[in-house]
Amino acid sequence: MTTTTEFKDHFSAQAEDYSLYRPEYPADLYAWLASLCDNHRLAWDCATGNGQVAVALTNHFGYVIGTDASAAQIYHATTYPRVEYEVALAHQSPLKDHSVDLITVAQALHWFEFDLFFKEALRVAKPNAVLAAWCYELQQIDAAVDAVVQQYYNNIIGEYWPAERRHIEQAYDSIVFPFEAIKAPKCIMQKQWTFKHLVGYLGTWSATQKYIQDHGADPREIILAELQEAWGDDETKTVKWPVTIKTFRLNPSSN
């Protein structure tokens, strides 16, 4: 576990691209999470990024607060009725005690100080509230494209991934959650993407940005021709991401 409270900002530099190229989660995921909750007054989307989860939650909750430690992410987040954004660390939210029905963390829990965040989740959660944290690994397109992306991921920018990335690669199985688990359904994100979308998405990776900072050059240029050849003449391709969902029942009154 990380013990420092310093925020490691891996995403502010690419915040605008993050809002353009990151995939959306399926509507069924939000409906299922809402079905677990006793009440639907307030949801907290922690590490909201571009705000996509916060906005989607308004279909099921009266009000949503999205927080992110990155001011740049909050600046670029989608403005939407009944969504309020705040710049805040995951374990230092502006929420009141026992006020939240659902807490969501999408593709971000691995950056947190786990013990501090779990304590904060208990503080803000209503009795019987729900915590859901999910992550997804590399996208799946086809064998040729996937091979080039895997080479890029491992051999070109591999050493630039922060250590926390291992939690994604392990599908969050290495994180100890001190809560009552709820079995989650299988979940897959799916999009139709152009070649431009794929290249833009690779640019949102923190390891890509760290490589650029260190070398003053874009590592995507190394694979661009090979990736284009693998993509071929298709205008769009189907892109899939298997999603791992960790879901828990929170009972602060019993702690």
# chains A, B, ... in the order shown; residues from 1 in each chain; ligands from 1
call {"tool": "residues_around", "arguments": {"residues": "range 86-95 of chain A", "least_positions_apart": "3", "cutoff": "6 Å", "atoms": "only C-alpha atoms", "output": "PyMOL selection string"}}
result
chain A and resi 67-69+71+116-117+120
call {"tool": "closest_residue", "arguments": {"among": "A:Asp28, A:Asp38, A:Glu180, A:Asp97", "to": "Arg123 in chain A", "atoms": "only C-alpha atoms"}}
result
A:Asp97
call {"tool": "select_by_dssp", "arguments": {"residues": "range 27-191 of chain A", "states": "helix (DSSP H, G or I)", "output": "VMD selection string"}}
result
chain A and resid 27 to 36 52 to 57 71 to 76 109 to 111 114 to 124 143 to 156 158 to 160 165 to 169
call {"tool": "residues_around", "arguments": {"residues": "range 20-24 of chain A", "least_positions_apart": "3", "cutoff": "9 Å", "atoms": "only C-alpha atoms", "output": "short mmCIF file (atom, residue, chain, number, x, y, z; two decimals) with N, CA and C atoms, in the first residue's frame"}}
result
data_model
loop_
_atom_site.label_atom_id
_atom_site.label_comp_id
_atom_site.auth_asym_id
_atom_site.auth_seq_id
_atom_site.Cartn_x
_atom_site.Cartn_y
_atom_site.Cartn_z
N ALA A 15 -6.04 15.24 -20.47
CA ALA A 15 -7.43 15.27 -20.00
C ALA A 15 -8.43 15.46 -21.13
N GLU A 16 -8.11 16.35 -22.09
CA GLU A 16 -9.05 16.59 -23.19
C GLU A 16 -9.19 15.36 -24.07
N ASP A 17 -8.07 14.71 -24.41
CA ASP A 17 -8.14 13.48 -25.20
C ASP A 17 -8.82 12.36 -24.42
N ALA A 27 -25.00 0.61 -20.34
CA ALA A 27 -26.10 1.10 -19.51
C ALA A 27 -26.58 0.04 -18.52
N ASN A 50 -13.54 12.10 -16.93
CA ASN A 50 -14.32 12.95 -17.85
C ASN A 50 -15.78 13.06 -17.47
N GLN A 52 -18.10 10.65 -17.35
CA GLN A 52 -19.04 9.78 -18.06
C GLN A 52 -19.89 8.95 -17.11
N VAL A 53 -19.28 8.42 -16.05
CA VAL A 53 -20.05 7.61 -15.10
C VAL A 53 -21.02 8.49 -14.31
N MET A 189 -17.54 -3.99 -22.51
CA MET A 189 -17.74 -2.75 -23.26
C MET A 189 -17.49 -3.04 -24.73
N GLN A 190 -18.24 -2.39 -25.57
CA GLN A 190 -18.07 -2.60 -27.02
C GLN A 190 -18.30 -1.29 -27.75
N LYS A 191 -17.43 -1.02 -28.71
CA LYS A 191 -17.53 0.20 -29.51
C LYS A 191 -17.17 -0.11 -30.96
N HIS A 197 -9.57 6.64 -33.74
CA HIS A 197 -9.98 6.42 -32.36
C HIS A 197 -8.95 5.57 -31.60
N LEU A 198 -8.49 4.52 -32.26
CA LEU A 198 -7.52 3.64 -31.61
C LEU A 198 -6.24 4.39 -31.27
N GLY A 200 -5.82 7.59 -30.92
CA GLY A 200 -6.12 8.57 -29.87
C GLY A 200 -6.21 7.92 -28.50
N TYR A 201 -6.80 6.75 -28.45
CA TYR A 201 -6.92 6.02 -27.18
C TYR A 201 -5.56 5.64 -26.62
N LEU A 202 -4.67 5.17 -27.47
CA LEU A 202 -3.32 4.84 -27.01
C LEU A 202 -2.62 6.05 -26.42
N GLY A 203 -2.98 7.23 -26.92
CA GLY A 203 -2.38 8.45 -26.40
C GLY A 203 -2.86 8.83 -25.02
N THR A 204 -3.99 8.27 -24.57
CA THR A 204 -4.49 8.56 -23.22
C THR A 204 -3.81 7.71 -22.16
N TRP A 241 -13.82 -4.66 -24.61
CA TRP A 241 -13.04 -4.67 -23.37
C TRP A 241 -13.80 -5.48 -22.33
#
call {"tool": "residues_around", "arguments": {"residues": "range 124-138 of chain A", "least_positions_apart": "4", "cutoff": "7 Å", "atoms": "only C-alpha atoms", "output": "PDB file with all heavy atoms, in the first residue's frame"}}
result
ATOM      1  N   CYS A  37     -29.352  -0.859  -4.636  1.00  0.00           N
ATOM      2  CA  CYS A  37     -29.420   0.216  -3.643  1.00  0.00           C
ATOM      3  C   CYS A  37     -30.822   0.357  -3.056  1.00  0.00           C
ATOM      4  O   CYS A  37     -31.823   0.294  -3.777  1.00  0.00           O
ATOM      5  CB  CYS A  37     -28.987   1.537  -4.272  1.00  0.00           C
ATOM      6  SG  CYS A  37     -27.274   1.534  -4.860  1.00  0.00           S
ATOM      7  N   LEU A  95     -18.123  15.092   0.828  1.00  0.00           N
ATOM      8  CA  LEU A  95     -19.434  14.539   1.144  1.00  0.00           C
ATOM      9  C   LEU A  95     -19.677  14.457   2.654  1.00  0.00           C
ATOM     10  O   LEU A  95     -18.750  14.276   3.442  1.00  0.00           O
ATOM     11  CB  LEU A  95     -19.564  13.151   0.523  1.00  0.00           C
ATOM     12  CG  LEU A  95     -19.604  13.174  -1.007  1.00  0.00           C
ATOM     13  CD1 LEU A  95     -18.981  11.919  -1.589  1.00  0.00           C
ATOM     14  CD2 LEU A  95     -21.041  13.318  -1.488  1.00  0.00           C
ATOM     15  N   LYS A  96     -20.949  14.561   3.015  1.00  0.00           N
ATOM     16  CA  LYS A  96     -21.333  14.492   4.422  1.00  0.00           C
ATOM     17  C   LYS A  96     -21.321  13.045   4.908  1.00  0.00           C
ATOM     18  O   LYS A  96     -21.426  12.110   4.122  1.00  0.00           O
ATOM     19  CB  LYS A  96     -22.729  15.094   4.604  1.00  0.00           C
ATOM     20  CG  LYS A  96     -22.812  16.579   4.291  1.00  0.00           C
ATOM     21  CD  LYS A  96     -24.225  17.092   4.497  1.00  0.00           C
ATOM     22  CE  LYS A  96     -24.322  18.584   4.183  1.00  0.00           C
ATOM     23  NZ  LYS A  96     -25.717  19.079   4.342  1.00  0.00           N
ATOM     24  N   ASP A  97     -21.233  12.881   6.211  1.00  0.00           N
ATOM     25  CA  ASP A  97     -21.281  11.553   6.800  1.00  0.00           C
ATOM     26  C   ASP A  97     -22.587  10.847   6.442  1.00  0.00           C
ATOM     27  O   ASP A  97     -23.670  11.458   6.499  1.00  0.00           O
ATOM     28  CB  ASP A  97     -21.174  11.634   8.326  1.00  0.00           C
ATOM     29  CG  ASP A  97     -19.810  12.111   8.804  1.00  0.00           C
ATOM     30  OD1 ASP A  97     -18.912  12.289   7.952  1.00  0.00           O
ATOM     31  OD2 ASP A  97     -19.658  12.315  10.021  1.00  0.00           O
ATOM     32  N   HIS A  98     -22.485   9.575   6.084  1.00  0.00           N
ATOM     33  CA  HIS A  98     -23.644   8.705   5.860  1.00  0.00           C
ATOM     34  C   HIS A  98     -24.698   9.358   4.956  1.00  0.00           C
ATOM     35  O   HIS A  98     -25.875   9.405   5.277  1.00  0.00           O
ATOM     36  CB  HIS A  98     -24.263   8.303   7.203  1.00  0.00           C
ATOM     37  CG  HIS A  98     -23.254   7.798   8.185  1.00  0.00           C
ATOM     38  ND1 HIS A  98     -22.232   6.924   7.823  1.00  0.00           N
ATOM     39  CD2 HIS A  98     -23.080   8.057   9.508  1.00  0.00           C
ATOM     40  CE1 HIS A  98     -21.488   6.658   8.899  1.00  0.00           C
ATOM     41  NE2 HIS A  98     -21.964   7.338   9.912  1.00  0.00           N
ATOM     42  N   SER A  99     -24.236   9.829   3.800  1.00  0.00           N
ATOM     43  CA  SER A  99     -25.119  10.556   2.889  1.00  0.00           C
ATOM     44  C   SER A  99     -25.284   9.886   1.530  1.00  0.00           C
ATOM     45  O   SER A  99     -26.142  10.287   0.739  1.00  0.00           O
ATOM     46  CB  SER A  99     -24.582  11.976   2.661  1.00  0.00           C
ATOM     47  OG  SER A  99     -23.279  11.934   2.071  1.00  0.00           O
ATOM     48  N   VAL A 100     -24.486   8.852   1.233  1.00  0.00           N
ATOM     49  CA  VAL A 100     -24.377   8.338  -0.131  1.00  0.00           C
ATOM     50  C   VAL A 100     -24.998   6.941  -0.251  1.00  0.00           C
ATOM     51  O   VAL A 100     -24.776   6.075   0.598  1.00  0.00           O
ATOM     52  CB  VAL A 100     -22.898   8.284  -0.569  1.00  0.00           C
ATOM     53  CG1 VAL A 100     -22.753   7.683  -1.954  1.00  0.00           C
ATOM     54  CG2 VAL A 100     -22.297   9.684  -0.547  1.00  0.00           C
ATOM     55  N   ASP A 101     -25.759   6.734  -1.321  1.00  0.00           N
ATOM     56  CA  ASP A 101     -26.384   5.440  -1.585  1.00  0.00           C
ATOM     57  C   ASP A 101     -25.496   4.515  -2.414  1.00  0.00           C
ATOM     58  O   ASP A 101     -25.554   3.301  -2.267  1.00  0.00           O
ATOM     59  CB  ASP A 101     -27.706   5.641  -2.335  1.00  0.00           C
ATOM     60  CG  ASP A 101     -28.689   6.484  -1.549  1.00  0.00           C
ATOM     61  OD1 ASP A 101     -29.075   6.053  -0.446  1.00  0.00           O
ATOM     62  OD2 ASP A 101     -29.060   7.581  -2.026  1.00  0.00           O
ATOM     63  N   LEU A 102     -24.701   5.086  -3.300  1.00  0.00           N
ATOM     64  CA  LEU A 102     -23.824   4.304  -4.182  1.00  0.00           C
ATOM     65  C   LEU A 102     -22.513   5.043  -4.371  1.00  0.00           C
ATOM     66  O   LEU A 102     -22.497   6.260  -4.607  1.00  0.00           O
ATOM     67  CB  LEU A 102     -24.484   4.083  -5.548  1.00  0.00           C
ATOM     68  CG  LEU A 102     -23.609   3.429  -6.625  1.00  0.00           C
ATOM     69  CD1 LEU A 102     -23.312   1.965  -6.277  1.00  0.00           C
ATOM     70  CD2 LEU A 102     -24.279   3.515  -8.003  1.00  0.00           C
ATOM     71  N   ILE A 103     -21.407   4.309  -4.285  1.00  0.00           N
ATOM     72  CA  ILE A 103     -20.071   4.844  -4.581  1.00  0.00           C
ATOM     73  C   ILE A 103     -19.508   4.056  -5.753  1.00  0.00           C
ATOM     74  O   ILE A 103     -19.474   2.822  -5.718  1.00  0.00           O
ATOM     75  CB  ILE A 103     -19.121   4.701  -3.371  1.00  0.00           C
ATOM     76  CG1 ILE A 103     -19.699   5.409  -2.142  1.00  0.00           C
ATOM     77  CG2 ILE A 103     -17.733   5.248  -3.715  1.00  0.00           C
ATOM     78  CD1 ILE A 103     -18.974   5.075  -0.855  1.00  0.00           C
ATOM     79  N   THR A 104     -19.079   4.756  -6.791  1.00  0.00           N
ATOM     80  CA  THR A 104     -18.490   4.091  -7.950  1.00  0.00           C
ATOM     81  C   THR A 104     -17.060   4.581  -8.164  1.00  0.00           C
ATOM     82  O   THR A 104     -16.751   5.749  -7.939  1.00  0.00           O
ATOM     83  CB  THR A 104     -19.309   4.354  -9.229  1.00  0.00           C
ATOM     84  OG1 THR A 104     -19.446   5.769  -9.438  1.00  0.00           O
ATOM     85  CG2 THR A 104     -20.697   3.731  -9.127  1.00  0.00           C
ATOM     86  N   VAL A 105     -16.220   3.655  -8.601  1.00  0.00           N
ATOM     87  CA  VAL A 105     -14.829   3.973  -8.960  1.00  0.00           C
ATOM     88  C   VAL A 105     -14.524   3.213 -10.242  1.00  0.00           C
ATOM     89  O   VAL A 105     -14.393   1.990 -10.234  1.00  0.00           O
ATOM     90  CB  VAL A 105     -13.828   3.569  -7.863  1.00  0.00           C
ATOM     91  CG1 VAL A 105     -12.436   4.076  -8.237  1.00  0.00           C
ATOM     92  CG2 VAL A 105     -14.255   4.086  -6.500  1.00  0.00           C
ATOM     93  N   ALA A 106     -14.422   3.919 -11.347  1.00  0.00           N
ATOM     94  CA  ALA A 106     -14.230   3.279 -12.647  1.00  0.00           C
ATOM     95  C   ALA A 106     -12.784   3.442 -13.117  1.00  0.00           C
ATOM     96  O   ALA A 106     -12.314   4.566 -13.319  1.00  0.00           O
ATOM     97  CB  ALA A 106     -15.183   3.886 -13.676  1.00  0.00           C
ATOM     98  N   GLN A 107     -12.086   2.317 -13.253  1.00  0.00           N
ATOM     99  CA  GLN A 107     -10.719   2.305 -13.813  1.00  0.00           C
ATOM    100  C   GLN A 107      -9.792   3.257 -13.052  1.00  0.00           C
ATOM    101  O   GLN A 107      -8.944   3.921 -13.634  1.00  0.00           O
ATOM    102  CB  GLN A 107     -10.753   2.687 -15.308  1.00  0.00           C
ATOM    103  CG  GLN A 107      -9.488   2.374 -16.105  1.00  0.00           C
ATOM    104  CD  GLN A 107      -9.285   0.890 -16.393  1.00  0.00           C
ATOM    105  OE1 GLN A 107     -10.036   0.048 -15.937  1.00  0.00           O
ATOM    106  NE2 GLN A 107      -8.265   0.580 -17.167  1.00  0.00           N
ATOM    107  N   LEU A 109      -9.341   2.759  -9.060  1.00  0.00           N
ATOM    108  CA  LEU A 109      -9.070   2.351  -7.684  1.00  0.00           C
ATOM    109  C   LEU A 109      -7.597   2.045  -7.453  1.00  0.00           C
ATOM    110  O   LEU A 109      -7.062   2.282  -6.363  1.00  0.00           O
ATOM    111  CB  LEU A 109      -9.913   1.120  -7.326  1.00  0.00           C
ATOM    112  CG  LEU A 109      -9.769   0.630  -5.887  1.00  0.00           C
ATOM    113  CD1 LEU A 109     -10.390   1.625  -4.908  1.00  0.00           C
ATOM    114  CD2 LEU A 109     -10.397  -0.743  -5.709  1.00  0.00           C
ATOM    115  N   GLU A 120     -12.871   6.273   4.119  1.00  0.00           N
ATOM    116  CA  GLU A 120     -13.697   7.375   3.639  1.00  0.00           C
ATOM    117  C   GLU A 120     -15.030   6.867   3.089  1.00  0.00           C
ATOM    118  O   GLU A 120     -16.085   7.484   3.304  1.00  0.00           O
ATOM    119  CB  GLU A 120     -12.945   8.158   2.553  1.00  0.00           C
ATOM    120  CG  GLU A 120     -13.703   9.343   1.971  1.00  0.00           C
ATOM    121  CD  GLU A 120     -13.828  10.517   2.924  1.00  0.00           C
ATOM    122  OE1 GLU A 120     -13.508  10.367   4.124  1.00  0.00           O
ATOM    123  OE2 GLU A 120     -14.249  11.588   2.478  1.00  0.00           O
ATOM    124  N   ILE A 168      -4.455  -3.580 -12.304  1.00  0.00           N
ATOM    125  CA  ILE A 168      -5.318  -3.769 -13.476  1.00  0.00           C
ATOM    126  C   ILE A 168      -5.013  -5.120 -14.113  1.00  0.00           C
ATOM    127  O   ILE A 168      -5.924  -5.888 -14.453  1.00  0.00           O
ATOM    128  CB  ILE A 168      -5.087  -2.647 -14.507  1.00  0.00           C
ATOM    129  CG1 ILE A 168      -5.570  -1.308 -13.942  1.00  0.00           C
ATOM    130  CG2 ILE A 168      -5.768  -2.973 -15.829  1.00  0.00           C
ATOM    131  CD1 ILE A 168      -6.997  -0.980 -14.188  1.00  0.00           C
ATOM    132  N   GLU A 169      -3.733  -5.409 -14.308  1.00  0.00           N
ATOM    133  CA  GLU A 169      -3.331  -6.666 -14.944  1.00  0.00           C
ATOM    134  C   GLU A 169      -3.781  -7.877 -14.136  1.00  0.00           C
ATOM    135  O   GLU A 169      -3.988  -8.953 -14.694  1.00  0.00           O
ATOM    136  CB  GLU A 169      -1.815  -6.671 -15.135  1.00  0.00           C
ATOM    137  CG  GLU A 169      -1.328  -5.584 -16.098  1.00  0.00           C
ATOM    138  CD  GLU A 169       0.169  -5.424 -16.115  1.00  0.00           C
ATOM    139  OE1 GLU A 169       0.831  -5.920 -15.162  1.00  0.00           O
ATOM    140  OE2 GLU A 169       0.701  -4.798 -17.053  1.00  0.00           O
ATOM    141  N   ALA A 171      -6.602  -7.827 -12.467  1.00  0.00           N
ATOM    142  CA  ALA A 171      -8.064  -7.684 -12.382  1.00  0.00           C
ATOM    143  C   ALA A 171      -8.528  -7.394 -10.950  1.00  0.00           C
ATOM    144  O   ALA A 171      -9.581  -7.876 -10.518  1.00  0.00           O
ATOM    145  CB  ALA A 171      -8.759  -8.929 -12.940  1.00  0.00           C
ATOM    146  N   TRP A 241     -13.820  -4.659 -24.610  1.00  0.00           N
ATOM    147  CA  TRP A 241     -13.039  -4.669 -23.373  1.00  0.00           C
ATOM    148  C   TRP A 241     -13.795  -5.480 -22.327  1.00  0.00           C
ATOM    149  O   TRP A 241     -14.880  -5.068 -21.883  1.00  0.00           O
ATOM    150  CB  TRP A 241     -12.862  -3.270 -22.797  1.00  0.00           C
ATOM    151  CG  TRP A 241     -12.093  -2.281 -23.592  1.00  0.00           C
ATOM    152  CD1 TRP A 241     -10.787  -1.912 -23.440  1.00  0.00           C
ATOM    153  CD2 TRP A 241     -12.599  -1.437 -24.653  1.00  0.00           C
ATOM    154  NE1 TRP A 241     -10.455  -0.926 -24.317  1.00  0.00           N
ATOM    155  CE2 TRP A 241     -11.543  -0.612 -25.082  1.00  0.00           C
ATOM    156  CE3 TRP A 241     -13.845  -1.306 -25.261  1.00  0.00           C
ATOM    157  CZ2 TRP A 241     -11.692   0.317 -26.090  1.00  0.00           C
ATOM    158  CZ3 TRP A 241     -14.002  -0.389 -26.280  1.00  0.00           C
ATOM    159  CH2 TRP A 241     -12.928   0.409 -26.689  1.00  0.00           C
ATOM    160  N   PRO A 242     -13.280  -6.614 -21.886  1.00  0.00           N
ATOM    161  CA  PRO A 242     -13.877  -7.298 -20.738  1.00  0.00           C
ATOM    162  C   PRO A 242     -13.678  -6.454 -19.478  1.00  0.00           C
ATOM    163  O   PRO A 242     -12.588  -5.927 -19.239  1.00  0.00           O
ATOM    164  CB  PRO A 242     -13.098  -8.609 -20.654  1.00  0.00           C
ATOM    165  CG  PRO A 242     -12.457  -8.761 -22.005  1.00  0.00           C
ATOM    166  CD  PRO A 242     -12.185  -7.374 -22.491  1.00  0.00           C
ATOM    167  N   VAL A 243     -14.734  -6.314 -18.703  1.00  0.00           N
ATOM    168  CA  VAL A 243     -14.702  -5.473 -17.501  1.00  0.00           C
ATOM    169  C   VAL A 243     -14.816  -6.350 -16.255  1.00  0.00           C
ATOM    170  O   VAL A 243     -15.684  -7.221 -16.180  1.00  0.00           O
ATOM    171  CB  VAL A 243     -15.845  -4.443 -17.516  1.00  0.00           C
ATOM    172  CG1 VAL A 243     -15.785  -3.544 -16.281  1.00  0.00           C
ATOM    173  CG2 VAL A 243     -15.801  -3.597 -18.791  1.00  0.00           C
ATOM    174  N   THR A 244     -13.931  -6.121 -15.303  1.00  0.00           N
ATOM    175  CA  THR A 244     -14.000  -6.782 -14.001  1.00  0.00           C
ATOM    176  C   THR A 244     -14.692  -5.838 -13.023  1.00  0.00           C
ATOM    177  O   THR A 244     -14.272  -4.689 -12.866  1.00  0.00           O
ATOM    178  CB  THR A 244     -12.598  -7.126 -13.472  1.00  0.00           C
ATOM    179  OG1 THR A 244     -11.980  -8.067 -14.347  1.00  0.00           O
ATOM    180  CG2 THR A 244     -12.680  -7.720 -12.072  1.00  0.00           C
ATOM    181  N   ILE A 245     -15.745  -6.319 -12.377  1.00  0.00           N
ATOM    182  CA  ILE A 245     -16.510  -5.494 -11.438  1.00  0.00           C
ATOM    183  C   ILE A 245     -16.392  -6.081 -10.032  1.00  0.00           C
ATOM    184  O   ILE A 245     -16.712  -7.248  -9.813  1.00  0.00           O
ATOM    185  CB  ILE A 245     -18.000  -5.436 -11.828  1.00  0.00           C
ATOM    186  CG1 ILE A 245     -18.171  -5.067 -13.302  1.00  0.00           C
ATOM    187  CG2 ILE A 245     -18.742  -4.433 -10.935  1.00  0.00           C
ATOM    188  CD1 ILE A 245     -19.579  -5.271 -13.826  1.00  0.00           C
ATOM    189  N   LYS A 246     -15.923  -5.276  -9.100  1.00  0.00           N
ATOM    190  CA  LYS A 246     -15.859  -5.657  -7.689  1.00  0.00           C
ATOM    191  C   LYS A 246     -16.927  -4.833  -6.954  1.00  0.00           C
ATOM    192  O   LYS A 246     -16.858  -3.598  -6.923  1.00  0.00           O
ATOM    193  CB  LYS A 246     -14.476  -5.373  -7.106  1.00  0.00           C
ATOM    194  CG  LYS A 246     -13.326  -6.107  -7.804  1.00  0.00           C
ATOM    195  CD  LYS A 246     -13.325  -7.588  -7.493  1.00  0.00           C
ATOM    196  CE  LYS A 246     -12.073  -8.261  -8.022  1.00  0.00           C
ATOM    197  NZ  LYS A 246     -12.024  -9.710  -7.709  1.00  0.00           N
ATOM    198  N   THR A 247     -17.892  -5.530  -6.363  1.00  0.00           N
ATOM    199  CA  THR A 247     -19.038  -4.855  -5.763  1.00  0.00           C
ATOM    200  C   THR A 247     -19.214  -5.305  -4.321  1.00  0.00           C
ATOM    201  O   THR A 247     -19.067  -6.489  -4.013  1.00  0.00           O
ATOM    202  CB  THR A 247     -20.318  -5.170  -6.563  1.00  0.00           C
ATOM    203  OG1 THR A 247     -20.060  -5.027  -7.958  1.00  0.00           O
ATOM    204  CG2 THR A 247     -21.448  -4.232  -6.176  1.00  0.00           C
ATOM    205  N   PHE A 248     -19.580  -4.349  -3.447  1.00  0.00           N
ATOM    206  CA  PHE A 248     -19.619  -4.628  -2.022  1.00  0.00           C
ATOM    207  C   PHE A 248     -20.768  -3.894  -1.332  1.00  0.00           C
ATOM    208  O   PHE A 248     -21.178  -2.816  -1.762  1.00  0.00           O
ATOM    209  CB  PHE A 248     -18.298  -4.221  -1.356  1.00  0.00           C
ATOM    210  CG  PHE A 248     -17.099  -4.844  -2.005  1.00  0.00           C
ATOM    211  CD1 PHE A 248     -16.442  -4.200  -3.042  1.00  0.00           C
ATOM    212  CD2 PHE A 248     -16.654  -6.093  -1.603  1.00  0.00           C
ATOM    213  CE1 PHE A 248     -15.352  -4.782  -3.656  1.00  0.00           C
ATOM    214  CE2 PHE A 248     -15.557  -6.688  -2.212  1.00  0.00           C
ATOM    215  CZ  PHE A 248     -14.912  -6.034  -3.239  1.00  0.00           C
ATOM    216  N   ARG A 249     -21.239  -4.499  -0.249  1.00  0.00           N
ATOM    217  CA  ARG A 249     -22.239  -3.876   0.613  1.00  0.00           C
ATOM    218  C   ARG A 249     -21.517  -3.213   1.778  1.00  0.00           C
ATOM    219  O   ARG A 249     -20.668  -3.832   2.437  1.00  0.00           O
ATOM    220  CB  ARG A 249     -23.199  -4.939   1.125  1.00  0.00           C
ATOM    221  CG  ARG A 249     -24.359  -4.407   1.938  1.00  0.00           C
ATOM    222  CD  ARG A 249     -25.392  -3.732   1.080  1.00  0.00           C
ATOM    223  NE  ARG A 249     -25.991  -4.664   0.122  1.00  0.00           N
ATOM    224  CZ  ARG A 249     -26.848  -4.286  -0.840  1.00  0.00           C
ATOM    225  NH1 ARG A 249     -27.151  -3.000  -0.995  1.00  0.00           N
ATOM    226  NH2 ARG A 249     -27.368  -5.160  -1.652  1.00  0.00           N
ATOM    227  N   LEU A 250     -21.834  -1.943   2.030  1.00  0.00           N
ATOM    228  CA  LEU A 250     -21.199  -1.194   3.101  1.00  0.00           C
ATOM    229  C   LEU A 250     -22.183  -1.003   4.255  1.00  0.00           C
ATOM    230  O   LEU A 250     -23.321  -0.586   4.039  1.00  0.00           O
ATOM    231  CB  LEU A 250     -20.726   0.181   2.604  1.00  0.00           C
ATOM    232  CG  LEU A 250     -19.779   0.183   1.399  1.00  0.00           C
ATOM    233  CD1 LEU A 250     -19.336   1.607   1.082  1.00  0.00           C
ATOM    234  CD2 LEU A 250     -18.572  -0.694   1.647  1.00  0.00           C
ATOM    235  N   ASN A 251     -21.731  -1.285   5.434  1.00  0.00           N
ATOM    236  CA  ASN A 251     -22.565  -1.099   6.622  1.00  0.00           C
ATOM    237  C   ASN A 251     -21.786  -0.344   7.690  1.00  0.00           C
ATOM    238  O   ASN A 251     -21.272  -0.932   8.641  1.00  0.00           O
ATOM    239  CB  ASN A 251     -23.026  -2.457   7.170  1.00  0.00           C
ATOM    240  CG  ASN A 251     -24.119  -3.061   6.292  1.00  0.00           C
ATOM    241  OD1 ASN A 251     -25.214  -2.549   6.206  1.00  0.00           O
ATOM    242  ND2 ASN A 251     -23.771  -4.158   5.618  1.00  0.00           N
ATOM    243  N   PRO A 252     -21.691   0.980   7.517  1.00  0.00           N
ATOM    244  CA  PRO A 252     -20.896   1.769   8.477  1.00  0.00           C
ATOM    245  C   PRO A 252     -21.413   1.680   9.895  1.00  0.00           C
ATOM    246  O   PRO A 252     -20.659   1.836  10.851  1.00  0.00           O
ATOM    247  CB  PRO A 252     -20.997   3.194   7.936  1.00  0.00           C
ATOM    248  CG  PRO A 252     -22.199   3.196   7.034  1.00  0.00           C
ATOM    249  CD  PRO A 252     -22.270   1.820   6.464  1.00  0.00           C
ATOM    250  N   SER A 253     -22.694   1.411  10.072  1.00  0.00           N
ATOM    251  CA  SER A 253     -23.254   1.359  11.417  1.00  0.00           C
ATOM    252  C   SER A 253     -22.707   0.187  12.217  1.00  0.00           C
ATOM    253  O   SER A 253     -22.753   0.172  13.452  1.00  0.00           O
ATOM    254  CB  SER A 253     -24.776   1.241  11.335  1.00  0.00           C
ATOM    255  OG  SER A 253     -25.155   0.077  10.629  1.00  0.00           O
TER     256      SER A 253
END
call {"tool": "closest_residue", "arguments": {"among": "A:Gln209, A:Thr238, A:Thr58, A:Gln192", "to": "Trp161 in chain A", "atoms": "only C-alpha atoms"}}
result
A:Gln209
call {"tool": "closest_residue", "arguments": {"among": "A:Asp234, A:Val239, A:Thr208, A:Phe118", "to": "Asn154 in chain A", "atoms": "only C-alpha atoms"}}
result
A:Thr208
call {"tool": "residues_around", "arguments": {"residues": "Asn59 in chain A", "least_positions_apart": "5", "cutoff": "10 Å", "atoms": "only C-alpha atoms", "output": "PyMOL selection string"}}
result
chain A and resi 27+30-31+34+54
call {"tool": "closest_residue", "arguments": {"among": "A:His215, A:Lys210, A:Lys183, A:Arg41", "to": "Tyr160 in chain A", "atoms": "only C-alpha atoms"}}
result
A:Lys210
call {"tool": "atom_distance", "arguments": {"atom1": "CA of Gln139 in chain A", "atom2": "CA of Thr48 in chain A"}}
result
20.9 Å
call {"tool": "residues_around", "arguments": {"residues": "Gly158 in chain A", "least_positions_apart": "4", "cutoff": "12 Å", "atoms": "only C-alpha atoms", "output": "list of chain:residue names"}}
result
A:Val149, A:Gln150, A:Gln151, A:Tyr152, A:Tyr153, A:Asn154, A:Pro162, A:Ala163, A:Arg165, A:Arg166, A:Trp205, A:Ser206, A:Ala207, A:Thr208, A:Lys210, A:Tyr211, A:Pro219
call {"tool": "select_by_dssp", "arguments": {"residues": "range 123-214 of chain A", "states": "strand (DSSP E)", "output": "list in words"}}
result
Ala125, Lys126, Pro127, Asn128, Ala129, Val130, Leu131, Ala132, Ala133, Trp134, Cys135, Tyr136, Glu180, Ala181, Ile182, Cys187, Ile188, Met189, Gln190, Lys191, Gln192 and Trp193 of chain A
call {"tool": "closest_residue", "arguments": {"among": "A:Ala72, A:Gly232, A:Arg220, A:Asp214", "to": "Ile156 in chain A", "atoms": "only C-alpha atoms"}}
result
A:Arg220
call {"tool": "atom_distance", "arguments": {"atom1": "CA of Tyr63 in chain A", "atom2": "CA of Ala43 in chain A"}}
result
6.5 Å
